[in-house]
file entry.tsv (TSV, C-alpha atoms)
chain	number	residue	atom	x	y	z
A	50	MET	CA	5.44	-3.22	-14.60
A	51	LEU	CA	5.82	-1.67	-11.13
A	52	GLU	CA	8.49	-4.02	-9.78
A	53	GLU	CA	10.24	-4.15	-13.16
A	54	TRP	CA	10.48	-0.35	-13.12
A	55	TYR	CA	12.21	-0.47	-9.74
A	56	ARG	CA	14.51	-3.31	-10.81
A	57	ARG	CA	15.71	-1.23	-13.74
A	58	HIS	CA	15.82	2.27	-12.30
A	59	LEU	CA	16.16	2.39	-8.52
A	60	GLY	CA	19.77	2.77	-7.47
A	61	PRO	CA	22.16	4.70	-5.24
A	62	ASP	CA	22.34	8.51	-5.22
A	63	ILE	CA	18.80	8.85	-6.56
A	64	HIS	CA	16.13	11.13	-5.10
A	65	ASP	CA	13.36	8.55	-4.80
A	66	ILE	CA	10.07	10.44	-4.56
A	67	SER	CA	8.10	7.51	-5.97
A	68	SER	CA	7.63	5.18	-3.01
A	69	SER	CA	4.30	4.29	-1.38
A	70	GLY	CA	5.98	3.74	2.01
A	71	VAL	CA	7.87	5.72	4.62
A	72	HIS	CA	11.64	5.66	4.74
A	73	PRO	CA	13.13	2.58	6.41
A	74	TYR	CA	14.57	2.34	9.89
A	75	THR	CA	17.99	0.86	10.49
A	76	PHE	CA	18.26	-2.29	12.56
A	77	ALA	CA	20.08	-0.31	15.25
A	78	GLU	CA	17.12	2.07	15.44
A	79	ILE	CA	14.69	-0.83	15.66
A	80	ARG	CA	16.65	-2.52	18.42
A	81	ASP	CA	16.64	0.74	20.37
A	82	LEU	CA	13.03	1.81	19.76
A	83	CYS	CA	11.61	-1.69	20.21
A	84	ARG	CA	13.86	-2.61	23.13
A	85	ILE	CA	15.49	-5.72	21.68
A	86	PRO	CA	18.62	-6.56	23.70
A	87	VAL	CA	21.33	-8.72	22.17
A	88	ALA	CA	20.56	-11.42	24.74
A	89	ASP	CA	17.06	-11.83	23.27
A	90	LEU	CA	18.52	-12.30	19.79
A	91	ASP	CA	21.13	-14.74	21.05
A	92	ALA	CA	18.45	-16.83	22.76
A	93	ILE	CA	16.57	-17.55	19.53
A	94	VAL	CA	16.67	-21.20	18.52
A	95	MET	CA	17.00	-21.36	14.74
A	96	ASP	CA	14.34	-24.01	14.39
A	97	ASP	CA	11.28	-24.28	12.16
A	98	SER	CA	8.32	-22.03	12.80
A	99	VAL	CA	4.73	-23.03	11.95
A	100	SER	CA	2.57	-22.51	8.88
A	101	GLN	CA	0.28	-19.94	10.45
A	102	GLY	CA	3.12	-18.00	12.09
A	103	GLY	CA	4.66	-18.14	15.54
A	104	ALA	CA	2.41	-17.61	18.53
A	105	GLY	CA	4.11	-14.39	19.65
A	106	ILE	CA	3.84	-12.46	16.40
A	107	ARG	CA	0.31	-13.74	15.72
A	108	GLN	CA	-0.86	-12.55	19.12
A	109	ALA	CA	0.81	-9.17	18.67
A	110	VAL	CA	-0.97	-8.66	15.33
A	111	ALA	CA	-4.24	-9.96	16.76
A	112	ASP	CA	-4.14	-7.57	19.70
A	113	ARG	CA	-3.87	-4.60	17.35
A	114	TYR	CA	-5.97	-5.69	14.37
A	115	ALA	CA	-8.06	-8.78	15.12
A	116	GLY	CA	-9.74	-8.18	18.46
A	117	GLY	CA	-7.17	-10.38	20.20
A	118	ASP	CA	-8.12	-13.56	18.27
A	119	ALA	CA	-4.77	-14.97	17.11
A	120	ASP	CA	-6.49	-17.92	15.42
A	121	ARG	CA	-7.71	-15.49	12.73
A	122	VAL	CA	-4.18	-14.25	11.92
A	123	LEU	CA	-1.84	-15.61	9.25
A	124	ILE	CA	1.77	-14.33	9.20
A	125	THR	CA	3.41	-14.25	5.78
A	126	HIS	CA	6.41	-13.12	3.71
A	127	GLY	CA	5.05	-9.63	3.13
A	128	SER	CA	1.41	-8.91	2.42
A	129	SER	CA	2.03	-10.07	-1.16
A	130	GLU	CA	2.18	-13.66	0.09
A	131	ALA	CA	-0.91	-13.13	2.24
A	132	ILE	CA	-2.75	-11.93	-0.87
A	133	ALA	CA	-1.54	-14.89	-2.94
A	134	LEU	CA	-2.41	-17.52	-0.34
A	135	THR	CA	-5.83	-16.24	0.69
A	136	LEU	CA	-7.12	-15.28	-2.76
A	137	SER	CA	-5.93	-18.59	-4.22
A	138	ALA	CA	-7.92	-20.40	-1.54
A	139	LEU	CA	-10.96	-18.10	-1.64
A	140	LEU	CA	-11.69	-17.66	-5.35
A	141	HIS	CA	-12.87	-20.13	-7.99
A	142	PRO	CA	-13.47	-20.04	-11.75
A	143	GLY	CA	-16.65	-18.17	-12.62
A	144	ASP	CA	-16.90	-16.28	-9.32
A	145	ARG	CA	-18.16	-12.74	-9.68
A	146	VAL	CA	-15.53	-10.46	-8.13
A	147	VAL	CA	-15.58	-6.66	-7.90
A	148	VAL	CA	-12.07	-5.17	-8.02
A	149	GLN	CA	-11.26	-1.50	-7.45
A	150	GLU	CA	-9.83	0.34	-10.47
A	151	GLY	CA	-6.07	0.98	-10.43
A	152	ILE	CA	-5.54	-1.39	-7.51
A	153	TYR	CA	-2.20	-2.85	-6.37
A	154	HIS	CA	-1.29	-5.32	-9.12
A	155	SER	CA	-1.41	-8.60	-7.17
A	156	LEU	CA	-4.91	-7.84	-5.83
A	157	GLY	CA	-6.19	-7.74	-9.39
A	158	HIS	CA	-3.99	-10.54	-10.71
A	159	TYR	CA	-5.29	-13.45	-8.64
A	160	PRO	CA	-9.01	-13.07	-9.46
A	161	ARG	CA	-8.16	-13.00	-13.16
A	162	ALA	CA	-5.73	-15.91	-12.84
A	163	ALA	CA	-8.44	-17.92	-11.07
A	164	GLY	CA	-10.81	-17.39	-14.01
A	165	CYS	CA	-13.21	-15.16	-12.10
A	166	ASP	CA	-15.73	-12.83	-13.71
A	167	VAL	CA	-14.01	-9.57	-12.76
A	168	VAL	CA	-16.03	-6.35	-12.62
A	169	GLU	CA	-14.21	-3.06	-12.02
A	170	LEU	CA	-15.24	-0.54	-9.37
A	171	PRO	CA	-14.48	2.77	-11.12
A	172	ALA	CA	-12.28	5.31	-9.37
A	173	ARG	CA	-14.85	8.05	-9.93
A	174	ALA	CA	-17.33	6.15	-7.75
A	175	VAL	CA	-15.23	6.88	-4.66
A	176	ARG	CA	-15.68	10.48	-3.53
A	177	ASP	CA	-16.14	12.41	-0.31
A	178	GLY	CA	-15.18	9.38	1.74
A	179	ALA	CA	-17.75	6.95	0.36
A	180	ILE	CA	-18.51	4.71	-2.58
A	181	ASP	CA	-21.46	5.99	-4.60
A	182	PRO	CA	-24.39	3.92	-3.26
A	183	GLU	CA	-25.94	3.57	-6.72
A	184	VAL	CA	-22.69	2.15	-8.09
A	185	LEU	CA	-22.39	-0.13	-5.07
A	186	ASP	CA	-25.93	-1.43	-5.61
A	187	GLU	CA	-25.26	-1.99	-9.30
A	188	LEU	CA	-21.94	-3.79	-8.91
A	189	VAL	CA	-22.16	-5.67	-5.60
A	190	THR	CA	-25.20	-7.83	-6.13
A	191	PRO	CA	-26.34	-11.03	-4.41
A	192	GLY	CA	-24.08	-13.82	-5.59
A	193	THR	CA	-20.98	-11.64	-5.72
A	194	ALA	CA	-18.17	-13.71	-4.23
A	195	ALA	CA	-15.80	-10.91	-3.18
A	196	VAL	CA	-15.21	-7.17	-3.24
A	197	ILE	CA	-11.50	-6.28	-3.32
A	198	VAL	CA	-10.49	-2.75	-2.32
A	199	ASN	CA	-7.42	-0.86	-1.11
A	200	PHE	CA	-7.83	2.16	1.20
A	201	PRO	CA	-6.02	4.50	1.41
A	202	HIS	CA	-5.66	3.80	-2.28
A	203	ASN	CA	-2.21	3.29	-3.75
A	204	PRO	CA	-1.33	5.48	-5.65
A	205	THR	CA	-4.02	8.19	-5.40
A	206	GLY	CA	-4.34	8.46	-1.62
A	207	VAL	CA	-8.15	8.41	-1.88
A	208	THR	CA	-9.80	6.75	1.10
A	209	LEU	CA	-13.08	6.22	2.93
A	210	SER	CA	-14.44	8.02	5.95
A	211	PRO	CA	-15.64	5.89	8.89
A	212	PRO	CA	-19.28	6.20	7.70
A	213	GLY	CA	-18.16	5.29	4.18
A	214	LEU	CA	-16.48	2.15	5.47
A	215	LYS	CA	-19.57	1.27	7.52
A	216	ALA	CA	-21.75	1.56	4.41
A	217	LEU	CA	-19.40	-0.70	2.44
A	218	THR	CA	-19.20	-3.39	5.14
A	219	GLU	CA	-22.97	-3.39	5.62
A	220	HIS	CA	-23.58	-3.72	1.88
A	221	THR	CA	-21.11	-6.56	1.38
A	222	ALA	CA	-22.53	-8.40	4.38
A	223	ALA	CA	-26.09	-7.98	3.10
A	224	THR	CA	-25.21	-9.41	-0.32
A	225	GLY	CA	-23.07	-12.25	1.05
A	226	ALA	CA	-19.85	-11.00	-0.54
A	227	VAL	CA	-16.50	-11.36	1.19
A	228	LEU	CA	-14.90	-7.96	1.75
A	229	VAL	CA	-11.19	-8.17	0.89
A	230	TRP	CA	-9.56	-5.12	2.45
A	231	ASP	CA	-5.97	-4.09	1.77
A	232	ALA	CA	-4.97	-1.70	4.56
A	233	ALA	CA	-1.25	-1.36	3.80
A	234	THR	CA	-1.14	2.36	4.64
A	235	ALA	CA	-4.30	2.66	6.75
A	236	GLU	CA	-2.50	3.97	9.82
A	237	ILE	CA	-1.57	7.28	8.17
A	238	ALA	CA	-4.66	9.42	7.63
A	239	HIS	CA	-5.00	13.07	6.58
A	240	ARG	CA	-8.66	13.95	6.05
A	241	TRP	CA	-10.47	11.62	8.44
A	242	GLU	CA	-9.49	9.53	11.43
A	243	VAL	CA	-7.60	6.27	10.97
A	244	LEU	CA	-10.05	3.58	9.88
A	245	ALA	CA	-10.64	0.58	12.11
A	246	ASP	CA	-9.70	-2.72	10.51
A	247	PRO	CA	-12.99	-4.22	9.23
A	248	GLY	CA	-11.70	-7.69	10.09
A	249	ALA	CA	-11.29	-6.86	13.79
A	250	GLU	CA	-14.76	-8.02	14.74
A	251	GLY	CA	-14.71	-11.20	12.67
A	252	GLY	CA	-17.27	-11.87	9.98
A	253	ASP	CA	-16.71	-12.70	6.34
A	254	THR	CA	-13.82	-10.29	5.82
A	255	VAL	CA	-10.20	-10.70	4.78
A	256	SER	CA	-7.83	-7.84	5.58
A	257	TYR	CA	-4.13	-7.44	4.83
A	258	GLY	CA	-1.36	-5.54	6.58
A	259	THR	CA	2.38	-5.17	6.22
A	260	PHE	CA	5.46	-3.83	7.96
A	261	SER	CA	6.64	-2.46	4.61
A	262	LYS	CA	4.65	0.78	4.41
A	263	THR	CA	3.79	2.78	7.54
A	264	PHE	CA	6.12	0.84	9.88
A	265	GLY	CA	9.25	1.66	7.88
A	266	LEU	CA	10.40	-1.99	7.76
A	267	PRO	CA	10.16	-3.12	4.11
A	268	GLY	CA	13.30	-5.25	4.41
A	269	LEU	CA	11.75	-7.30	7.20
A	270	ARG	CA	9.42	-8.84	4.58
A	271	VAL	CA	6.61	-9.59	7.02
A	272	GLY	CA	2.91	-9.16	6.37
A	273	TRP	CA	-0.30	-10.70	7.60
A	274	ALA	CA	-3.89	-11.53	6.84
A	275	VAL	CA	-6.79	-11.39	9.26
A	276	ALA	CA	-9.38	-13.85	7.98
A	277	PRO	CA	-11.90	-16.52	9.01
A	278	LYS	CA	-10.17	-19.52	10.56
A	279	GLU	CA	-11.38	-21.90	7.87
A	280	LEU	CA	-9.89	-19.75	5.12
A	281	ILE	CA	-6.52	-19.62	6.89
A	282	THR	CA	-6.56	-23.42	7.21
A	283	ALA	CA	-7.36	-23.67	3.50
A	284	THR	CA	-4.12	-21.82	2.67
A	285	PHE	CA	-1.89	-24.44	4.32
A	286	PRO	CA	-1.66	-26.95	1.42
A	287	LEU	CA	-0.25	-24.24	-0.88
A	288	ARG	CA	2.03	-22.81	1.78
A	289	ASP	CA	3.31	-26.27	2.70
A	290	ARG	CA	4.46	-26.62	-0.91
A	291	THR	CA	6.03	-23.16	-1.21
A	292	THR	CA	7.46	-21.00	1.62
A	293	LEU	CA	6.41	-23.13	4.64
A	294	PHE	CA	6.96	-20.47	7.34
A	295	LEU	CA	9.03	-17.47	8.45
A	296	SER	CA	12.34	-17.44	10.30
A	297	PRO	CA	11.99	-17.28	14.10
A	298	LEU	CA	14.55	-14.46	14.06
A	299	VAL	CA	12.35	-12.40	11.76
A	300	GLU	CA	9.27	-13.24	13.81
A	301	LEU	CA	10.88	-11.97	16.99
A	302	VAL	CA	11.79	-8.62	15.42
A	303	ALA	CA	8.29	-8.37	13.93
A	304	GLU	CA	6.64	-9.12	17.26
A	305	ARG	CA	8.61	-6.41	19.07
A	306	ALA	CA	7.94	-3.94	16.24
A	307	MET	CA	4.21	-4.63	16.44
A	308	ARG	CA	4.25	-4.08	20.20
A	309	HIS	CA	5.88	-0.68	19.57
A	310	ALA	CA	3.78	0.20	16.52
A	311	ASP	CA	2.59	3.55	17.81
A	312	GLU	CA	6.12	4.85	18.21
A	313	LEU	CA	7.40	3.49	14.89
A	314	ILE	CA	4.43	4.70	12.88
A	315	GLY	CA	4.09	7.97	14.77
A	316	ARG	CA	7.60	9.16	13.93
A	317	ARG	CA	7.25	8.41	10.24
A	318	ALA	CA	3.68	9.74	10.02
A	319	ALA	CA	4.82	13.09	11.45
A	320	GLU	CA	7.58	13.30	8.85
A	321	ALA	CA	5.16	12.40	6.06
A	322	ARG	CA	2.78	15.15	7.15
A	323	ARG	CA	5.58	17.71	7.05
A	324	ASN	CA	6.44	16.52	3.56
A	325	LEU	CA	2.77	16.69	2.53
A	326	ALA	CA	2.56	20.29	3.73
A	327	HIS	CA	5.59	21.14	1.58
A	328	LEU	CA	4.13	19.21	-1.37
A	329	THR	CA	0.85	21.11	-1.05
A	330	GLU	CA	2.71	24.42	-1.29
A	331	TRP	CA	4.76	23.08	-4.22
A	332	MET	CA	1.62	22.02	-6.09
A	333	ALA	CA	0.06	25.46	-5.58
A	334	GLY	CA	3.17	27.02	-7.11
A	335	HIS	CA	3.10	24.72	-10.14
A	336	GLU	CA	-0.63	24.51	-10.85
A	337	GLU	CA	-0.21	25.59	-14.48
A	338	LEU	CA	2.06	22.56	-15.04
A	339	VAL	CA	0.53	19.86	-12.87
A	340	ARG	CA	-2.81	19.09	-11.24
A	341	TRP	CA	-3.64	16.77	-8.39
A	342	THR	CA	-6.21	15.62	-5.88
A	343	PRO	CA	-4.68	15.97	-2.40
A	344	PRO	CA	-4.31	12.54	-0.77
A	345	GLU	CA	-6.70	11.72	2.06
A	346	GLY	CA	-4.47	9.01	3.51
A	347	GLY	CA	-1.23	7.13	2.98
A	348	VAL	CA	2.01	8.62	1.68
A	349	CYS	CA	1.56	8.91	-2.08
A	350	ALA	CA	-0.43	10.83	-4.66
A	351	LEU	CA	-1.02	10.65	-8.42
A	352	PRO	CA	-0.35	14.09	-9.96
A	353	VAL	CA	-1.23	14.56	-13.63
A	354	PHE	CA	1.13	16.51	-15.89
A	355	ARG	CA	-0.85	18.99	-17.94
A	356	GLU	CA	1.37	18.88	-21.03
A	357	LEU	CA	0.78	15.14	-21.38
A	358	GLU	CA	-2.92	15.42	-20.65
A	359	GLU	CA	-3.49	18.31	-23.07
A	360	ALA	CA	-1.61	16.50	-25.82
A	361	ALA	CA	-3.61	13.32	-25.14
A	362	ALA	CA	-0.24	11.60	-25.14
A	363	GLY	CA	-0.05	7.83	-25.26
A	364	PRO	CA	1.24	5.72	-22.39
A	365	GLU	CA	4.79	5.67	-23.70
A	366	ALA	CA	5.01	9.47	-23.26
A	367	VAL	CA	4.82	9.43	-19.46
A	368	GLU	CA	7.40	6.66	-19.34
A	369	ARG	CA	9.77	8.76	-21.46
A	370	PHE	CA	8.97	11.73	-19.19
A	371	CYS	CA	10.00	9.77	-16.08
A	372	LEU	CA	13.13	8.38	-17.70
A	373	GLU	CA	14.22	11.85	-18.81
A	374	LEU	CA	13.60	13.23	-15.31
A	375	LEU	CA	15.72	10.44	-13.87
A	376	ALA	CA	18.55	10.97	-16.36
A	377	ARG	CA	18.70	14.74	-15.92
A	378	HIS	CA	17.96	15.18	-12.23
A	379	ARG	CA	18.48	11.75	-10.62
A	380	THR	CA	14.86	11.95	-9.46
A	381	LEU	CA	12.60	8.90	-9.60
A	382	LEU	CA	8.84	8.76	-10.15
A	383	VAL	CA	6.76	5.74	-11.17
A	384	PRO	CA	4.88	6.33	-14.43
A	385	GLY	CA	1.12	6.21	-14.07
A	386	THR	CA	0.96	3.47	-16.70
A	387	ALA	CA	1.71	1.07	-13.84
A	388	PHE	CA	-1.73	2.00	-12.48
A	389	GLY	CA	-3.72	2.62	-15.65
A	390	ALA	CA	-3.11	6.40	-15.54
A	391	PRO	CA	-1.29	7.44	-18.76
A	392	HIS	CA	-0.76	11.14	-17.98
A	393	GLY	CA	0.47	11.08	-14.39
A	394	ALA	CA	2.98	9.47	-12.07
A	395	ARG	CA	3.09	8.16	-8.53
A	396	LEU	CA	4.73	10.65	-6.22
A	397	GLY	CA	5.56	9.49	-2.70
A	398	PHE	CA	6.08	11.84	0.24
A	399	GLY	CA	7.04	9.38	2.96
A	400	GLY	CA	10.80	9.62	2.57
A	401	PRO	CA	13.43	11.68	4.39
A	402	GLU	CA	12.60	15.38	4.27
A	403	GLU	CA	15.89	16.55	2.76
A	404	GLY	CA	15.79	14.01	-0.06
A	405	PHE	CA	12.11	14.68	-0.70
A	406	ARG	CA	12.68	18.42	-1.06
A	407	ALA	CA	15.65	17.80	-3.33
A	408	GLY	CA	13.54	15.54	-5.52
A	409	LEU	CA	10.77	18.12	-5.80
A	410	ALA	CA	13.33	20.77	-6.68
A	411	GLY	CA	14.61	18.56	-9.50
A	412	LEU	CA	11.07	17.94	-10.73
A	413	SER	CA	10.38	21.68	-10.67
A	414	GLU	CA	13.47	22.47	-12.71
A	415	PHE	CA	12.58	19.73	-15.16
A	416	LEU	CA	9.00	20.93	-15.66
A	417	LEU	CA	10.04	24.56	-16.12
A	418	ALA	CA	12.68	23.56	-18.67
A	419	ARG	CA	10.11	21.55	-20.66
A	420	LYS	CA	7.72	24.50	-20.55
A	421	ALA	CA	10.40	26.86	-21.84
A	422	ALA	CA	11.23	24.47	-24.69
A	423	ARG	CA	7.64	24.22	-25.92
call {"tool": "encode", "arguments": {"input": "entry.tsv", "output": "structure tokens"}}
result
Amino acid sequence: MLEEWYRRHLGPDIHDISSSGVHPYTFAEIRDLCRIPVADLDAIVMDDSVSQGGAGIRQAVADRYAGGDADRVLITHGSSEAIALTLSALLHPGDRVVVQEGIYHSLGHYPRAAGCDVVELPARAVRDGAIDPEVLDELVTPGTAAVIVNFPHNPTGVTLSPPGLKALTEHTAATGAVLVWDAATAEIAHRWEVLADPGAEGGDTVSYGTFSKTFGLPGLRVGWAVAPKELITATFPLRDRTTLFLSPLVELVAERAMRHADELIGRRAAEARRNLAHLTEWMAGHEELVRWTPPEGGVCALPVFRELEEAAAGPEAVERFCLELLARHRTLLVPGTAFGAPHGARLGFGGPEEGFRAGLAGLSEFLLARKAAR
């Protein structure tokens, strides 16, 4: 439903306060910030790349996320392809797989498509930076093939603290489960420090990253997986029959962006924090109409609209709510039904400050008008 919603409703002159990423850079900005002269672009030979990704971009990702070991890095068309390739190779019919509730759709799709025995990790089990140890003991038992989680969580912004991550990695290792870690927005943290990638030190862990979220480069369509070498090799037969590899032009831009990650992410993270401060004030001023749990990381939250919650409205009600908001105020949210939350919507605060404030103003006017009409 998520991508279909955007296909139908995202367009020009809309205040998009729904996104789970920061606002995109222009190519001119990237060339300047990442120091890419025209001569470097002109020197690219438009030849094939390789299945695992070119050496330059793999090493750049490895130096930041994989302890320098480029052999454990797979470069893909967005993290969505990394998820598809690795989970298709990792999982088998009948495998017991624990999947976090409300997770990004493709992370839950592939275990079910593979015929796995899927057990859900409930959202309520994640609190104060950790997964409830009793729930962890109950769900992640010996023989569990994989535990699939996304922190900071999209769309709630809930995440783990460093001790909470340590407890999770130790438990999965002790039970023999593969930890599958989606870290799409891990580099923007609010409550605790930025979490280290659990795949950096090797072990039986698969982690995903992307240029689409905190880097501000969704149109680059580059992601990666950090995984055991044998799992990466196992993805090649499928990749050889589908996308084959990335363009060397794209790989060059991605490599330079990765080498300048701190600057790219830092600028957008600062903007997101300013937006979050404004959103926090806005929520305090509208608490009789909407409730929320402040996000601990990432650039989105999942506010719940009290009128829908109190009426115990069905899932179609929040979709009508979002469509009416869009029609009246040109302001876009994603209905919570895309994430199993029937009374709320995803609200993103990673976009340009002026547009974000305009979108919140439209949402405020909309909510107050609905209240007056009741």
call {"tool": "closest_residue", "arguments": {"input": "entry.tsv", "among": "A:Glu236, A:Glu358, A:Asp177, A:Asp112", "to": "A:Pro212", "atoms": "all atoms listed in the file"}}
result
A:Asp177
call {"tool": "closest_residue", "arguments": {"input": "entry.tsv", "among": "A:Trp230, A:Phe370, A:Phe388, A:Phe398", "to": "A:Leu416", "atoms": "all atoms listed in the file"}}
result
A:Phe370
call {"tool": "residues_around", "arguments": {"input": "entry.tsv", "residues": "stretch 225-229 of chain A", "least_positions_apart": "4", "cutoff": "7 Å", "atoms": "only C-alpha atoms", "output": "PyMOL selection string"}}
result
chain A and resi 191-198+221+253-256
call {"tool": "write_last_selection", "arguments": {"input": "entry.tsv", "atoms": "C-alpha atoms", "output": "JSON list (two decimals), in the coordinates of the input"}}
result
[["chain", "number", "residue", "atom", "x", "y", "z"],
["A", 191, "PRO", "CA", -26.34, -11.03, -4.41],
["A", 192, "GLY", "CA", -24.08, -13.82, -5.59],
["A", 193, "THR", "CA", -20.98, -11.64, -5.72],
["A", 194, "ALA", "CA", -18.17, -13.71, -4.23],
["A", 195, "ALA", "CA", -15.80, -10.91, -3.18],
["A", 196, "VAL", "CA", -15.21, -7.17, -3.24],
["A", 197, "ILE", "CA", -11.50, -6.28, -3.32],
["A", 198, "VAL", "CA", -10.49, -2.75, -2.32],
["A", 221, "THR", "CA", -21.11, -6.56, 1.38],
["A", 253, "ASP", "CA", -16.71, -12.70, 6.34],
["A", 254, "THR", "CA", -13.82, -10.29, 5.82],
["A", 255, "VAL", "CA", -10.20, -10.70, 4.78],
["A", 256, "SER", "CA", -7.83, -7.84, 5.58]]
call {"tool": "residues_around", "arguments": {"input": "entry.tsv", "residues": "A:Ala310", "least_positions_apart": "5", "cutoff": "10 Å", "atoms": "all atoms listed in the file", "output": "list in words"}}
result
Leu82, Cys83, Arg113, Glu236, Phe260, Thr263, Phe264, Glu304, Arg305 and Gly315 of chain A
call {"tool": "write_last_selection", "arguments": {"input": "entry.tsv", "atoms": "C-alpha atoms", "output": "PDB file, keeping the file's coordinate frame"}}
result
ATOM      1  CA  LEU A  82      13.030   1.810  19.760  1.00  0.00           C
ATOM      2  CA  CYS A  83      11.610  -1.690  20.210  1.00  0.00           C
ATOM      3  CA  ARG A 113      -3.870  -4.600  17.350  1.00  0.00           C
ATOM      4  CA  GLU A 236      -2.500   3.970   9.820  1.00  0.00           C
ATOM      5  CA  PHE A 260       5.460  -3.830   7.960  1.00  0.00           C
ATOM      6  CA  THR A 263       3.790   2.780   7.540  1.00  0.00           C
ATOM      7  CA  PHE A 264       6.120   0.840   9.880  1.00  0.00           C
ATOM      8  CA  GLU A 304       6.640  -9.120  17.260  1.00  0.00           C
ATOM      9  CA  ARG A 305       8.610  -6.410  19.070  1.00  0.00           C
ATOM     10  CA  GLY A 315       4.090   7.970  14.770  1.00  0.00           C
TER      11      GLY A 315
END
call {"tool": "atom_distance", "arguments": {"input": "entry.tsv", "atom1": "atom CA of A:Glu368", "atom2": "atom CA of A:Gly389"}}
result
12.4 Å
call {"tool": "atom_distance", "arguments": {"input": "entry.tsv", "atom1": "atom CA of A:Thr125", "atom2": "atom CA of A:Val383"}}
result
26.4 Å
call {"tool": "residues_near_point", "arguments": {"input": "entry.tsv", "point": "(0.1, -16.5, -3.3)", "cutoff": "12 Å", "atoms": "only C-alpha atoms", "output": "number ranges by chain"}}
result
A: 125-139, 155-156, 158-160, 162-163, 274, 284-292
call {"tool": "atom_distance", "arguments": {"input": "entry.tsv", "atom1": "atom CA of A:Ile124", "atom2": "atom CA of A:Ile93"}}
result
18.3 Å
call {"tool": "closest_residue", "arguments": {"input": "entry.tsv", "among": "A:Ala77, A:Val275, A:Leu295, A:Ala235", "to": "A:Ala111", "atoms": "all atoms listed in the file"}}
result
A:Val275
call {"tool": "closest_residue", "arguments": {"input": "entry.tsv", "among": "A:Gly60, A:Gly272, A:Gly408, A:Gly397", "to": "A:Gln101", "atoms": "all atoms listed in the file"}}
result
A:Gly272
call {"tool": "axis_aligned_box", "arguments": {"input": "entry.tsv", "around": "stretch 346-357 of chain A", "padding_each_side": "3 Å", "output": "lines of an AutoDock Vina configuration file"}}
result
center_x = -1.2
center_y = 13.1
center_z = -8.9
size_x = 12.5
size_y = 17.9
size_z = 30.9
call {"tool": "closest_residue", "arguments": {"input": "entry.tsv", "among": "A:Pro364, A:Gly411, A:Gly404, A:Pro267", "to": "A:Pro73", "atoms": "only C-alpha atoms"}}
result
A:Pro267
call {"tool": "closest_residue", "arguments": {"input": "entry.tsv", "among": "A:Glu345, A:Asp89, A:Glu330, A:Glu219", "to": "A:Glu242", "atoms": "all atoms listed in the file"}}
result
A:Glu345
call {"tool": "residues_around", "arguments": {"input": "entry.tsv", "residues": "A:Leu188", "least_positions_apart": "4", "cutoff": "8 Å", "atoms": "all atoms listed in the file", "output": "list in words"}}
result
Val147, Val168, Leu170 and Val184 of chain A
call {"tool": "residues_near_point", "arguments": {"input": "entry.tsv", "point": "(4.2, 19.2, 4.3)", "cutoff": "12 Å", "atoms": "all atoms listed in the file", "output": "MDAnalysis selection string"}}
result
chainID A and resid 239 318:332 343:344 348 398:402 405:406
call {"tool": "residues_around", "arguments": {"input": "entry.tsv", "residues": "A:Glu78", "least_positions_apart": "5", "cutoff": "12 Å", "atoms": "only C-alpha atoms", "output": "count of residues only"}}
result
11
call {"tool": "residues_around", "arguments": {"input": "entry.tsv", "residues": "A:Cys371", "least_positions_apart": "4", "cutoff": "7 Å", "atoms": "only C-alpha atoms", "output": "number ranges by chain"}}
result
A: 367, 375, 382, 384
call {"tool": "decode", "arguments": {"input": "entry.tsv", "residues": "stretch 305-311 of chain A", "atoms": "N, CA, C and O atoms", "output": "PDB file, in the first residue's frame"}}
result
ATOM      1  N   ARG A 305      31.896   8.763  -3.814  1.00  0.00           N
ATOM      2  CA  ARG A 305      32.270  10.089  -3.319  1.00  0.00           C
ATOM      3  C   ARG A 305      31.318  10.531  -2.201  1.00  0.00           C
ATOM      4  O   ARG A 305      31.734  11.162  -1.219  1.00  0.00           O
ATOM      5  N   ALA A 306      30.023  10.224  -2.360  1.00  0.00           N
ATOM      6  CA  ALA A 306      29.059  10.587  -1.317  1.00  0.00           C
ATOM      7  C   ALA A 306      29.374   9.868  -0.012  1.00  0.00           C
ATOM      8  O   ALA A 306      29.291  10.464   1.076  1.00  0.00           O
ATOM      9  N   MET A 307      29.750   8.607  -0.104  1.00  0.00           N
ATOM     10  CA  MET A 307      30.075   7.858   1.110  1.00  0.00           C
ATOM     11  C   MET A 307      31.316   8.433   1.783  1.00  0.00           C
ATOM     12  O   MET A 307      31.389   8.515   3.022  1.00  0.00           O
ATOM     13  N   ARG A 308      32.275   8.856   0.992  1.00  0.00           N
ATOM     14  CA  ARG A 308      33.495   9.447   1.566  1.00  0.00           C
ATOM     15  C   ARG A 308      33.223  10.810   2.199  1.00  0.00           C
ATOM     16  O   ARG A 308      34.043  11.289   2.982  1.00  0.00           O
ATOM     17  N   HIS A 309      32.100  11.422   1.874  1.00  0.00           N
ATOM     18  CA  HIS A 309      31.726  12.712   2.460  1.00  0.00           C
ATOM     19  C   HIS A 309      30.431  12.584   3.262  1.00  0.00           C
ATOM     20  O   HIS A 309      29.667  13.542   3.397  1.00  0.00           O
ATOM     21  N   ALA A 310      30.220  11.412   3.828  1.00  0.00           N
ATOM     22  CA  ALA A 310      28.971  11.113   4.528  1.00  0.00           C
ATOM     23  C   ALA A 310      28.713  12.063   5.690  1.00  0.00           C
ATOM     24  O   ALA A 310      27.582  12.506   5.904  1.00  0.00           O
ATOM     25  N   ASP A 311      29.739  12.364   6.453  1.00  0.00           N
ATOM     26  CA  ASP A 311      29.531  13.205   7.636  1.00  0.00           C
ATOM     27  C   ASP A 311      28.949  14.564   7.256  1.00  0.00           C
ATOM     28  O   ASP A 311      28.049  15.080   7.932  1.00  0.00           O
TER      29      ASP A 311
END
